[in-house]
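A.B. asks: Here you go, upload.txt (compact mmCIF, C-alpha atoms):
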# COMPACT_ATOMS: atom_id res chain seq x y z
CA MET A 1 53.76 39.66 190.60
CA THR A 2 54.87 42.36 188.17
CA ILE A 3 56.14 45.91 188.25
CA THR A 4 52.62 47.02 187.34
CA ASP A 5 51.27 45.37 190.49
CA VAL A 6 53.89 47.19 192.57
CA ALA A 7 52.97 50.52 190.97
CA ARG A 8 49.26 49.94 191.59
CA HIS A 9 49.87 48.93 195.21
CA ALA A 10 52.08 51.99 195.86
CA GLY A 11 49.75 54.34 193.99
CA VAL A 12 52.48 55.53 191.63
CA SER A 13 53.36 55.08 187.96
CA THR A 14 55.34 52.16 186.61
CA ALA A 15 57.95 54.68 185.49
CA ALA A 16 58.37 55.77 189.12
CA VAL A 17 58.85 52.15 190.22
CA SER A 18 61.39 51.65 187.46
CA LYS A 19 63.34 54.73 188.57
CA VAL A 20 63.46 53.49 192.15
CA MET A 21 64.65 50.07 191.01
CA ARG A 22 67.35 51.70 188.89
CA ASN A 23 68.35 54.01 191.74
CA ALA A 24 67.95 56.85 189.26
CA TYR A 25 68.58 60.50 190.03
CA GLY A 26 65.65 62.72 190.91
CA VAL A 27 63.75 60.17 193.01
CA SER A 28 62.66 61.59 196.37
CA ALA A 29 63.26 59.73 199.61
CA ALA A 30 59.49 59.54 200.16
CA MET A 31 58.93 57.99 196.72
CA ARG A 32 61.75 55.50 197.26
CA GLU A 33 60.35 54.47 200.65
CA LYS A 34 56.81 54.10 199.27
CA VAL A 35 57.88 51.89 196.37
CA ARG A 36 60.19 49.72 198.46
CA ALA A 37 57.44 49.27 201.05
CA ALA A 38 55.08 48.10 198.31
CA MET A 39 57.72 45.68 196.98
CA ALA A 40 58.23 44.28 200.47
CA GLU A 41 54.49 43.91 201.13
CA LEU A 42 53.98 42.12 197.82
CA ASP A 43 57.17 40.07 198.23
CA TYR A 44 58.21 41.32 194.77
CA ARG A 45 61.70 40.44 193.57
CA PRO A 46 62.90 41.51 190.12
CA HIS A 47 64.05 38.55 188.02
CA ALA A 48 67.81 38.92 187.54
CA ALA A 49 67.91 37.27 184.12
CA ALA A 50 65.07 39.41 182.84
CA ARG A 51 66.73 42.55 184.12
CA GLY A 52 69.95 41.46 182.42
CA MET A 53 68.13 41.19 179.12
CA ARG A 54 67.03 44.80 179.58
CA GLY A 55 70.64 45.87 180.15
CA ARG A 56 71.34 45.62 183.89
CA THR A 57 71.34 42.86 186.51
CA TYR A 58 72.12 45.04 189.57
CA THR A 59 74.90 42.68 190.60
CA ILE A 60 78.50 43.65 191.36
CA GLY A 61 81.28 41.07 191.29
CA ILE A 62 84.26 41.33 193.65
CA LEU A 63 87.41 39.32 193.00
CA LEU A 64 89.82 38.56 195.82
CA ASP A 65 92.55 35.98 196.23
CA ASN A 66 92.34 35.01 199.90
CA ILE A 67 89.34 35.07 202.21
CA ARG A 68 91.67 34.68 205.22
CA ASN A 69 93.21 38.13 204.70
CA THR A 70 91.25 40.21 207.21
CA PHE A 71 92.05 43.44 205.33
CA PHE A 72 89.74 42.28 202.56
CA ALA A 73 86.93 42.19 205.12
CA ASP A 74 87.48 45.92 205.71
CA ILE A 75 87.25 46.58 201.96
CA LEU A 76 84.11 44.47 201.65
CA ASP A 77 82.51 46.30 204.57
CA GLY A 78 83.14 49.58 202.76
CA VAL A 79 81.57 48.27 199.55
CA ARG A 80 78.57 46.94 201.46
CA ASP A 81 77.98 50.19 203.35
CA GLU A 82 78.25 52.28 200.17
CA LEU A 83 75.69 50.11 198.37
CA ARG A 84 73.43 49.50 201.38
CA ASP A 85 70.63 51.82 200.18
CA SER A 86 70.87 50.79 196.53
CA GLU A 87 69.42 47.91 194.53
CA TYR A 88 72.84 46.39 193.89
CA THR A 89 73.84 42.98 195.22
CA VAL A 90 77.49 42.08 195.81
CA LEU A 91 78.74 38.62 194.82
CA ILE A 92 82.25 37.55 195.88
CA GLY A 93 84.64 35.38 193.91
CA ALA A 94 87.45 34.01 196.12
CA ALA A 95 89.68 32.68 193.34
CA GLY A 96 92.94 32.02 195.20
CA PHE A 97 96.37 33.27 194.14
CA ASP A 98 96.56 31.39 190.82
CA ALA A 99 96.27 33.70 187.80
CA GLU A 100 94.36 31.17 185.70
CA ALA A 101 91.80 30.63 188.45
CA GLN A 102 91.34 34.38 188.71
CA ASP A 103 90.91 34.64 184.93
CA LYS A 104 88.21 31.98 185.07
CA THR A 105 86.40 33.77 187.89
CA ILE A 106 86.48 37.13 186.10
CA ARG A 107 85.15 35.59 182.91
CA SER A 108 82.38 33.84 184.85
CA MET A 109 81.35 37.16 186.35
CA VAL A 110 81.25 38.76 182.91
CA ASP A 111 79.33 35.79 181.45
CA ARG A 112 76.73 36.21 184.19
CA GLN A 113 76.22 39.81 183.05
CA MET A 114 77.34 41.44 186.27
CA ASP A 115 77.08 45.19 185.90
CA GLY A 116 80.57 45.92 187.16
CA LEU A 117 83.65 44.37 188.77
CA VAL A 118 85.89 45.30 191.69
CA LEU A 119 89.23 43.49 191.40
CA ILE A 120 91.33 43.47 194.57
CA ALA A 121 95.04 43.27 193.64
CA PRO A 122 94.43 40.80 190.80
CA SER A 123 97.16 38.33 189.80
CA THR A 124 95.56 37.85 186.41
CA GLN A 125 97.42 39.37 183.46
CA ARG A 126 97.01 43.09 183.02
CA SER A 127 95.99 42.57 179.39
CA GLU A 128 93.05 40.43 180.55
CA VAL A 129 91.91 43.12 182.97
CA LEU A 130 92.15 45.80 180.29
CA ALA A 131 90.18 43.66 177.84
CA THR A 132 87.48 43.09 180.46
CA ALA A 133 87.32 46.78 181.35
CA GLN A 134 86.58 47.66 177.73
CA SER A 135 83.16 46.04 178.01
CA THR A 136 82.45 45.88 181.76
CA PRO A 137 82.95 48.79 184.18
CA THR A 138 85.90 47.84 186.38
CA VAL A 139 87.68 49.20 189.44
CA VAL A 140 91.12 47.84 190.37
CA ILE A 141 92.11 48.13 194.04
CA GLY A 142 95.79 48.06 194.95
CA HIS A 143 97.69 48.16 191.66
CA HIS A 144 99.26 51.52 190.82
CA ASP A 145 99.33 51.06 187.02
CA ALA A 146 97.23 53.84 185.52
CA SER A 147 94.75 53.15 182.71
CA ASP A 148 92.13 55.04 180.76
CA LEU A 149 89.96 51.90 180.77
CA HIS A 150 89.40 51.26 184.47
CA ASP A 151 89.20 53.24 187.70
CA SER A 152 91.84 52.68 190.39
CA VAL A 153 91.86 52.93 194.18
CA VAL A 154 95.34 52.69 195.70
CA ASP A 155 97.24 53.37 198.88
CA ALA A 156 100.38 55.49 198.89
CA ASP A 157 102.32 52.32 199.72
CA GLY A 158 105.73 53.93 199.27
CA SER A 159 104.88 56.59 201.84
CA GLY A 160 103.49 53.89 204.14
CA ALA A 161 106.79 52.02 204.06
CA GLY A 162 108.60 55.26 204.78
CA LEU A 163 106.45 55.86 207.87
CA VAL A 164 107.45 52.45 209.23
CA VAL A 165 111.17 52.86 208.60
CA ASP A 166 111.14 56.38 210.08
CA HIS A 167 109.41 55.07 213.21
CA LEU A 168 111.78 52.14 213.68
CA VAL A 169 114.87 54.27 213.09
CA SER A 170 113.59 56.79 215.63
CA LEU A 171 113.53 53.94 218.17
CA GLY A 172 117.16 53.11 217.39
CA HIS A 173 116.80 50.25 214.90
CA ARG A 174 119.23 49.90 212.01
CA ASN A 175 118.86 46.27 210.94
CA ILE A 176 115.31 46.41 209.58
CA ALA A 177 113.93 43.70 207.27
CA LEU A 178 110.84 43.71 205.06
CA VAL A 179 108.54 40.73 204.45
CA SER A 180 106.74 41.29 201.14
CA SER A 181 104.66 39.33 198.65
CA PRO A 182 106.58 37.88 195.67
CA GLY A 183 103.87 39.03 193.26
CA THR A 184 103.44 37.52 189.81
CA ARG A 185 105.82 38.81 187.15
CA ALA A 186 103.91 37.06 184.39
CA SER A 187 100.90 39.26 185.15
CA ARG A 188 102.67 42.25 183.54
CA TRP A 189 101.60 44.68 186.25
CA ALA A 190 104.49 47.11 186.70
CA ARG A 191 103.39 48.84 189.91
CA THR A 192 101.78 46.30 192.21
CA PRO A 193 101.41 47.18 195.92
CA GLU A 194 104.34 44.97 196.90
CA ILE A 195 106.61 46.60 194.30
CA VAL A 196 105.70 50.12 195.46
CA LEU A 197 106.05 49.07 199.11
CA SER A 198 109.47 47.52 198.50
CA ASP A 199 110.65 50.60 196.62
CA GLY A 200 109.45 52.83 199.45
CA TYR A 201 111.22 50.67 202.02
CA ALA A 202 114.49 50.71 200.06
CA GLU A 203 114.25 54.47 199.54
CA ALA A 204 113.63 55.10 203.25
CA MET A 205 116.50 52.85 204.27
CA GLY A 206 118.76 54.74 201.88
CA ARG A 207 117.51 58.07 203.23
CA HIS A 208 118.64 56.98 206.70
CA HIS A 209 122.00 55.75 205.33
CA LEU A 210 121.04 52.14 206.03
CA ALA A 211 121.12 50.78 202.48
CA GLU A 212 123.59 48.05 203.48
CA HIS A 213 120.97 46.67 205.90
CA THR A 214 118.24 46.46 203.26
CA ARG A 215 116.79 42.94 203.28
CA ILE A 216 113.54 41.77 201.63
CA CYS A 217 112.07 38.32 202.24
CA ARG A 218 109.43 37.31 199.69
CA THR A 219 106.49 35.18 200.78
CA SER A 220 102.72 34.98 200.49
CA TYR A 221 100.60 37.28 202.59
CA SER A 222 99.30 34.56 204.89
CA ASP A 223 99.99 33.25 208.38
CA GLU A 224 102.01 30.37 206.93
CA GLY A 225 103.92 32.67 204.61
CA GLY A 226 104.79 35.00 207.49
CA TYR A 227 105.82 32.04 209.63
CA LYS A 228 108.26 30.78 206.98
CA ALA A 229 109.71 34.26 206.49
CA GLY A 230 110.02 34.69 210.24
CA MET A 231 111.87 31.41 210.67
CA SER A 232 114.26 32.37 207.88
CA LEU A 233 114.99 35.87 209.15
CA LEU A 234 115.08 35.11 212.88
CA THR A 235 117.48 32.18 212.56
CA ALA A 236 119.91 34.10 210.34
CA ALA A 237 123.37 34.94 211.68
CA ASP A 238 122.65 38.65 211.22
CA ARG A 239 119.19 38.60 212.77
CA PRO A 240 117.18 41.80 212.19
CA THR A 241 116.12 43.75 215.26
CA ALA A 242 112.91 44.83 213.52
CA ILE A 243 110.70 43.30 210.84
CA MET A 244 108.10 45.07 208.74
CA THR A 245 105.51 43.03 206.84
CA GLY A 246 103.25 44.04 203.97
CA ALA A 247 100.14 42.60 205.69
CA ASP A 248 99.01 42.09 209.27
CA VAL A 249 98.24 38.43 208.59
CA ALA A 250 101.88 37.86 207.63
CA ALA A 251 103.06 39.73 210.73
CA LEU A 252 101.14 37.27 212.90
CA GLY A 253 102.98 34.43 211.17
CA VAL A 254 106.31 36.10 211.96
CA TRP A 255 105.14 36.49 215.55
CA ARG A 256 104.38 32.77 215.72
CA ALA A 257 107.89 31.97 214.45
CA ALA A 258 109.44 34.29 217.04
CA HIS A 259 107.47 32.58 219.80
CA GLU A 260 108.65 29.12 218.70
CA LEU A 261 112.23 30.37 218.69
CA GLY A 262 111.90 31.75 222.21
CA LEU A 263 112.09 35.38 221.07
CA ARG A 264 109.92 38.11 222.56
CA VAL A 265 108.05 40.86 220.72
CA PRO A 266 109.12 43.64 221.01
CA GLN A 267 111.99 43.03 223.43
CA ASP A 268 113.95 40.81 221.03
CA VAL A 269 112.40 41.86 217.73
CA SER A 270 110.06 44.72 216.90
CA LEU A 271 107.26 43.86 214.51
CA VAL A 272 105.12 46.04 212.23
CA GLY A 273 102.17 45.02 210.07
CA TYR A 274 100.30 46.69 207.26
CA ASN A 275 96.53 47.34 206.80
CA ASN A 276 95.69 47.92 210.49
CA THR A 277 93.04 45.21 210.55
CA ALA A 278 90.84 44.61 213.58
CA ILE A 279 93.12 41.83 214.81
CA ALA A 280 96.02 44.28 215.19
CA ASP A 281 94.16 46.08 217.97
CA LEU A 282 93.32 42.97 220.01
CA ALA A 283 94.49 43.32 223.61
CA THR A 284 96.73 40.27 223.31
CA VAL A 285 98.26 41.43 220.01
CA GLN A 286 98.62 45.23 219.94
CA LEU A 287 100.45 45.21 216.61
CA THR A 288 101.91 48.44 215.26
CA SER A 289 100.50 48.73 211.74
CA VAL A 290 99.96 51.05 208.80
CA ASP A 291 96.33 52.04 208.34
CA GLN A 292 95.44 52.40 204.66
CA ALA A 293 91.74 53.02 205.27
CA GLY A 294 90.39 49.72 203.96
CA HIS A 295 86.75 50.64 204.60
CA ASN A 296 87.20 53.92 202.73
CA MET A 297 88.95 52.09 199.87
CA GLY A 298 85.97 49.76 199.49
CA ALA A 299 83.40 52.54 199.72
CA THR A 300 85.30 54.62 197.18
CA ALA A 301 85.62 51.70 194.79
CA ALA A 302 81.87 51.03 194.99
CA ARG A 303 81.02 54.68 194.41
CA LEU A 304 83.35 54.97 191.41
CA LEU A 305 81.97 51.75 189.94
CA ILE A 306 78.32 52.79 190.20
CA GLU A 307 79.15 56.13 188.59
CA ARG A 308 80.46 54.24 185.56
CA VAL A 309 77.68 51.63 185.55
CA GLU A 310 74.98 54.29 185.61
CA GLY A 311 76.68 56.47 182.99
CA ARG A 312 77.38 59.43 185.24
CA ARG A 313 81.03 59.51 184.18
CA ASP A 314 82.89 58.25 181.11
CA HIS A 315 86.52 58.85 182.08
CA ALA A 316 88.83 56.91 184.38
CA VAL A 317 89.52 58.12 187.92
CA ARG A 318 92.43 57.23 190.21
CA THR A 319 92.03 57.78 193.97
CA THR A 320 94.92 57.48 196.44
CA MET A 321 94.51 56.88 200.16
CA THR A 322 96.92 58.50 202.62
CA PRO A 323 98.50 55.94 204.98
CA ARG A 324 98.74 56.50 208.72
CA LEU A 325 101.00 54.67 211.17
CA VAL A 326 99.22 53.36 214.27
CA VAL A 327 101.83 52.69 216.96
CA ARG A 328 101.10 49.96 219.49
CA ARG A 329 103.10 47.70 221.80
CA SER A 330 104.84 45.50 219.20
CA THR A 331 107.60 48.05 218.60
CA SER A 332 110.22 49.38 221.01
CA ALA A 333 113.90 50.24 221.09
CA PRO A 334 116.21 47.31 220.29
CA SER A 335 117.56 45.58 223.39
CA ALA A 336 121.17 46.48 222.49
CA VAL A 337 120.41 50.19 222.53
Rewrite the coordinates I just gave you, this time as structure tokens.
C.D. replies:
Amino acid sequence: MTITDVARHAGVSTAAVSKVMRNAYGVSAAMREKVRAAMAELDYRPHAAARGMRGRTYTIGILLDNIRNTFFADILDGVRDELRDSEYTVLIGAAGFDAEAQDKTIRSMVDRQMDGLVLIAPSTQRSEVLATAQSTPTVVIGHHDASDLHDSVVDADGSGAGLVVDHLVSLGHRNIALVSSPGTRASRWARTPEIVLSDGYAEAMGRHHLAEHTRICRTSYSDEGGYKAGMSLLTAADRPTAIMTGADVAALGVWRAAHELGLRVPQDVSLVGYNNTAIADLATVQLTSVDQAGHNMGATAARLLIERVEGRRDHAVRTTMTPRLVVRRSTSAPSAV
């Protein structure tokens, strides 16, 4: 079955079929529906390798480090919804936290002639990302480092941290700790989300004259990482009355540690997450969290990427999401107040 057969079956030209397959501008909804119906009836599927030889494979690669981070699911949903009515297929590379493994995954995506890449907070060296972006359209989600080579979608993480500190201080907390990712210094990214979040936390604590209570515990954004940080902070002599984490999944780990230590949330320790994932709103959890519009981040990244892939824009764009604090039952006034 060929494109000519599809055109004949739909009663249109091969050029019209080609435009529909390329999701080109100027194609009417009726034409698109007619061609896609003919493709479905004929069970026609374009050969990816052949399309790649002609310059496009209609595949988008997404790099992430941890499939257990539910915030990434929100981003992926946004990408999927944005590309739902297009010919593009999304392929996911879950490379883990190791920079070399991420490098290998990115190179594999490029070698397979994927049309564009969405890199979610990559640990791989910035120089590698910039080199890749020179030849393959790339969107980086999370990192605040600006570049003329790739598009960026970020959250105003510093403002998000400030919202949390302001909320906790308004409840009467003074001893507020932050659980944040250690990041990867060797990657040469200067403004990763955890760096911007930590800076925003420190600035907010200083603004409330609480600089002497500033305490940052570095750990991976995972349940186990949060658990280890929770055990460390909650067994300290100067135990914080409130803990903010840079990811909901880490907050749940802190919660698990509190439970094992016989501490109650929020009566003994208030707890705040980040990303406002679906799990934060579960009836048995009700975690206060910062919403950074994960679905919108993914949809925006996909839209920016397709603009570059299809040649509609030749300059880099940086889009910043505005964080919003969603207050639930995991925060309250400290018991001593």
A.B. asks: I need the residue nearest Ser187 in chain A from this list: A:Leu130, A:Leu325, A:Ala258, A:Ala247. Use all atoms listed in the file for the distance.
C.D. replies: A:Leu130
A.B. asks: Identify which of the residues A:Gly200, A:Met205, A:Ala250, A:Val27 lies closest to Thr219 in chain A, counting all atoms listed in the file when measuring atom-to-atom distances.
C.D. replies: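 Ranking A:Gly200, A:Met205, A:Ala250, A:Val27 by distance to Thr219 in chain A, first place goes to A:Ala250.
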A.B. asks: Would you pick out the contacts of range 96-109 of chain A at 6 Å or less, using all atoms listed in the file, so that residues sharing its chain but fewer than 2 positions from it are not included, and give the list as an MDAnalysis selection string?
C.D. replies: chainID A and resid 65:66 94 111:112 114 123:124
A.B. asks: If you count only C-alpha atoms, which residues fall within 10 Å of Ala7 in chain A, apart from same-chain ones fewer than 3 positions away, as a PDB file with C-alpha atoms, keeping the file's coordinate frame?
C.D. replies:
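Saved file selection.pdb follows:
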ATOM      1  CA  THR A   2      54.870  42.360 188.170  1.00  0.00           C
ATOM      2  CA  ILE A   3      56.140  45.910 188.250  1.00  0.00           C
ATOM      3  CA  THR A   4      52.620  47.020 187.340  1.00  0.00           C
ATOM      4  CA  ALA A  10      52.080  51.990 195.860  1.00  0.00           C
ATOM      5  CA  GLY A  11      49.750  54.340 193.990  1.00  0.00           C
ATOM      6  CA  VAL A  12      52.480  55.530 191.630  1.00  0.00           C
ATOM      7  CA  SER A  13      53.360  55.080 187.960  1.00  0.00           C
ATOM      8  CA  THR A  14      55.340  52.160 186.610  1.00  0.00           C
ATOM      9  CA  ALA A  15      57.950  54.680 185.490  1.00  0.00           C
ATOM     10  CA  ALA A  16      58.370  55.770 189.120  1.00  0.00           C
ATOM     11  CA  VAL A  17      58.850  52.150 190.220  1.00  0.00           C
ATOM     12  CA  SER A  18      61.390  51.650 187.460  1.00  0.00           C
ATOM     13  CA  LYS A  34      56.810  54.100 199.270  1.00  0.00           C
ATOM     14  CA  VAL A  35      57.880  51.890 196.370  1.00  0.00           C
ATOM     15  CA  ALA A  38      55.080  48.100 198.310  1.00  0.00           C
ATOM     16  CA  MET A  39      57.720  45.680 196.980  1.00  0.00           C
TER      17      MET A  39
END
A.B. asks: Skip Val254 in chain A itself and residues of its chain fewer than 5 positions away, then list as a list in words all residues within 6 Å of it, counting all atoms listed in the file.
C.D. replies: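 Listed by chain and then number, they are Gly226, Tyr227 and Gly230 of chain A.
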A.B. asks: Suppose you want the space between CA of Leu287 in chain A and CA of Thr322 in chain A; what is it in Å?
C.D. replies: 19.6 Å
A.B. asks: Identify, on the basis of only C-alpha atoms, every residue whose closest approach to range 83-85 of chain A does not exceed 10 Å; exclude the query and any residue fewer than 4 positions from it along the same chain; express the result as a list in words.
C.D. replies: Asn23, Ile60, Asp77, Gly78, Val79, Thr89, Val90, Ala299, Ala302, Arg303 and Ile306 of chain A
A.B. asks: Could the residues in this selection be saved with C-alpha atoms as a JSON list (two decimals), in the frame of the given file?
C.D. replies:
[["chain", "number", "residue", "atom", "x", "y", "z"],
["A", 23, "ASN", "CA", 68.35, 54.01, 191.74],
["A", 60, "ILE", "CA", 78.50, 43.65, 191.36],
["A", 77, "ASP", "CA", 82.51, 46.30, 204.57],
["A", 78, "GLY", "CA", 83.14, 49.58, 202.76],
["A", 79, "VAL", "CA", 81.57, 48.27, 199.55],
["A", 89, "THR", "CA", 73.84, 42.98, 195.22],
["A", 90, "VAL", "CA", 77.49, 42.08, 195.81],
["A", 299, "ALA", "CA", 83.40, 52.54, 199.72],
["A", 302, "ALA", "CA", 81.87, 51.03, 194.99],
["A", 303, "ARG", "CA", 81.02, 54.68, 194.41],
["A", 306, "ILE", "CA", 78.32, 52.79, 190.20]]
A.B. asks: List every protein, DNA or RNA residue with an atom no more than 9 Å from (80.4, 45.4, 181.3) in the file's coordinates, counting all atoms listed in the file, and format the result as a list in words.
C.D. replies: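 Looking at atoms near the point gives Val110, Gln113, Met114, Asp115, Gly116, Leu117, Thr132, Ala133, Gln134, Ser135, Thr136, Pro137, Thr138 and Val309 of chain A.
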